[in-house]
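Worksheet for the structure shown next.
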Amino acid sequence: TALRLAELGARLILACRDPVRTEPAIKEIKDKTGSSTVEFIKLDLGSKKSIREFVDIFKSKYDRLDILVNNAGLVTVDRTLTSDGFETQFGVNHLGHFYLTHLLKDYLIKSAPSRIVTVASDAHHWGVLDFDDLMTEKKKYSSMKCYGNTKLANSLHPGAVKTDIMSSSLKGKWYKWILEIIAYPIFAILFKDAERGAQTTLYCALIEHEKLESGKYYVNCRPTKTNKNATDPALWKRLWDESLRLLEIKDQ
């Protein structure tokens, strides 16, 4: 996604957690595209403090925001907590995006016609929102069930894509070698590479506004049916209100 946007001449801000991993990516983008308008600003979506700091830096340097791509998709094998005490997957994949978008909404409004693209996953089909246990404190923790719950909150699907989404949570696990020998070669056959997987994100980010159906769930560059819960107004009003409460957002 970032590479293609840079090729098109976009001023690009890579909001990432790890500068060690991000700087080589920026160098690669610049080398391949010749772009001089690619920048890194540190952002940890698991920290409200980091999100506020990112927004402050961004607003001190720029006066508009045309496209916001919410692309985080963290999977943790074990149940962990963010620095704010949220279950990590729910905290990063949903609340982090929610808080970031909230703090940037004034820039998005004044830059209209602007747009927000939030990347989801087919995992949302098995997602269930249990408002009595959003942080998975009561029930047995299931990594993929929890991931599906967080992705139920999102609206776009790139197709199955090969990335290193689980690399950090698998570090030191005894079964990592099994995945490397058995599972990953299968993934290589069945899954799209990151470049092809980015096409739906790019489509939603770049297609003319009059051709884009706002709020729809896109698969392979087309709006498609989604989990029936994703279209339940009462459920999403409740999630919205609960997200505001958890993040201690007073104004809406």
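Ligands are numbered from 1 in the order shown, chains are lettered A, B, ... in the order of the structure tokens, and residues start at 1 in each chain.
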Enumerate as a ChimeraX atom specification all residues of segment 42-106 of chain A assigned to alpha helix (DSSP H) by DSSP on the backbone, naming them with the chain letters and numbers the document uses.
/A:48-61,88-89,97-106
Produce a table with one row for each residue of segment 61-100 of chain A that has an atom at most 12 Å from any atom of segment 199-217 of chain A, each row naming the nearest atom pair and its distance in Å at one decimal; use only C-alpha atoms; arrange rows by chain and rising residue number; format as CSV.
```
residue,atom,partner,partner_atom,distance
A:Asp66,CA,A:Ala205,CA,9.4
A:Ile67,CA,A:Ala205,CA,6.6
A:Leu68,CA,A:Ala205,CA,8.4
A:Val69,CA,A:Ala205,CA,7.8
A:Asn70,CA,A:Thr201,CA,9.8
A:Asn71,CA,A:Thr201,CA,9.0
```
Selection file, N, CA and C atoms, as a tab-separated table (two decimals), in the first residue's frame:
```
chain	number	residue	atom	x	y	z
A	66	ASP	N	-5.77	13.69	3.97
A	66	ASP	CA	-6.69	13.28	2.93
A	66	ASP	C	-7.13	11.82	3.05
A	67	ILE	N	-6.19	10.96	3.43
A	67	ILE	CA	-6.51	9.53	3.53
A	67	ILE	C	-5.89	8.98	4.82
A	68	LEU	N	-6.71	8.34	5.63
A	68	LEU	CA	-6.22	7.64	6.82
A	68	LEU	C	-6.45	6.15	6.60
A	69	VAL	N	-5.37	5.37	6.56
A	69	VAL	CA	-5.47	3.92	6.41
A	69	VAL	C	-5.16	3.28	7.76
A	70	ASN	N	-6.18	2.71	8.38
A	70	ASN	CA	-6.02	1.98	9.64
A	70	ASN	C	-5.71	0.52	9.30
A	71	ASN	N	-4.44	0.16	9.44
A	71	ASN	CA	-3.97	-1.11	8.87
A	71	ASN	C	-3.41	-2.07	9.90
```
Rounded to one decimal in Å, what is the spacing between atom CA of Leu45 of chain A and atom CA of Val92 of chain A?
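Going from atom CA of Leu45 of chain A over to atom CA of Val92 of chain A, I get 5.1 Å.
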Could you tell me which of A:Lys139, A:Lys145, A:His97, A:Arg64 comes closest to Ala112 of chain A if we count only C-alpha atoms?
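For Ala112 of chain A, the nearest of the candidates is A:Arg64.
Residues of segment 12-150 of chain A assigned to strand (DSSP E) by DSSP on this structure's backbone: Leu12, Ile13, Leu14, Ala15, Cys16, Val38, Glu39, Phe40, Ile41, Lys42, Ile67, Leu68, Val69, Asn70, Arg115, Ile116, Val117 and Thr118 of chain A.
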Atomic separation - atom CA of Met135 of chain A relative to atom CA of Phe86 of chain A, Å:
6.4 Å
Go through A:Gly96, A:Ser111, A:Arg79, A:Ile116 one by one, measure the shortest atom-to-atom distance of each to Tyr141 of chain A using only C-alpha atoms, and give the residue with the smallest value.
A:Arg79
One decimal, in Å: what's the spacing between atom CA of Thr33 of chain A and atom CA of Ala198 of chain A?
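Those two atoms sit 17.0 Å apart.
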Near Leu244 of chain A, counting only C-alpha atoms, which residues have an atom at most 12 Å away, once you skip same-chain residues fewer than 5 positions from it, shown as a ChimeraX atom specification?
/A:94-96,98-99,102,237-239,249-252
Tell me which protein, DNA and RNA residues are within 8 Å of Cys16 of chain A, counting only C-alpha atoms, leaving out same-chain ones fewer than 2 positions away, and put them as a list in words.
Leu14, Asp18, Pro19, Thr22, Phe40, Ile41, Lys42, Leu43 and Asp44 of chain A
Those selected residues, please, written with C-alpha atoms and delivered as a PDB file, in the first residue's frame.
```
ATOM      1  CA  LEU A  14       4.310   5.709   8.085  1.00  0.00           C
ATOM      2  CA  ASP A  18       9.321   0.043  15.660  1.00  0.00           C
ATOM      3  CA  PRO A  19      11.783   2.465  13.996  1.00  0.00           C
ATOM      4  CA  THR A  22      10.399   0.936   9.656  1.00  0.00           C
ATOM      5  CA  PHE A  40       8.207   7.964   9.833  1.00  0.00           C
ATOM      6  CA  ILE A  41       6.408   9.119  12.977  1.00  0.00           C
ATOM      7  CA  LYS A  42       6.388   6.676  15.863  1.00  0.00           C
ATOM      8  CA  LEU A  43       2.986   5.309  16.853  1.00  0.00           C
ATOM      9  CA  ASP A  44       2.103   2.532  19.272  1.00  0.00           C
TER      10      ASP A  44
END
```
Which residue, A:Cys146, A:Val128, A:Ile26, A:Leu134, has the smallest gap to Ala230 of chain A when you use only C-alpha atoms?
A:Val128
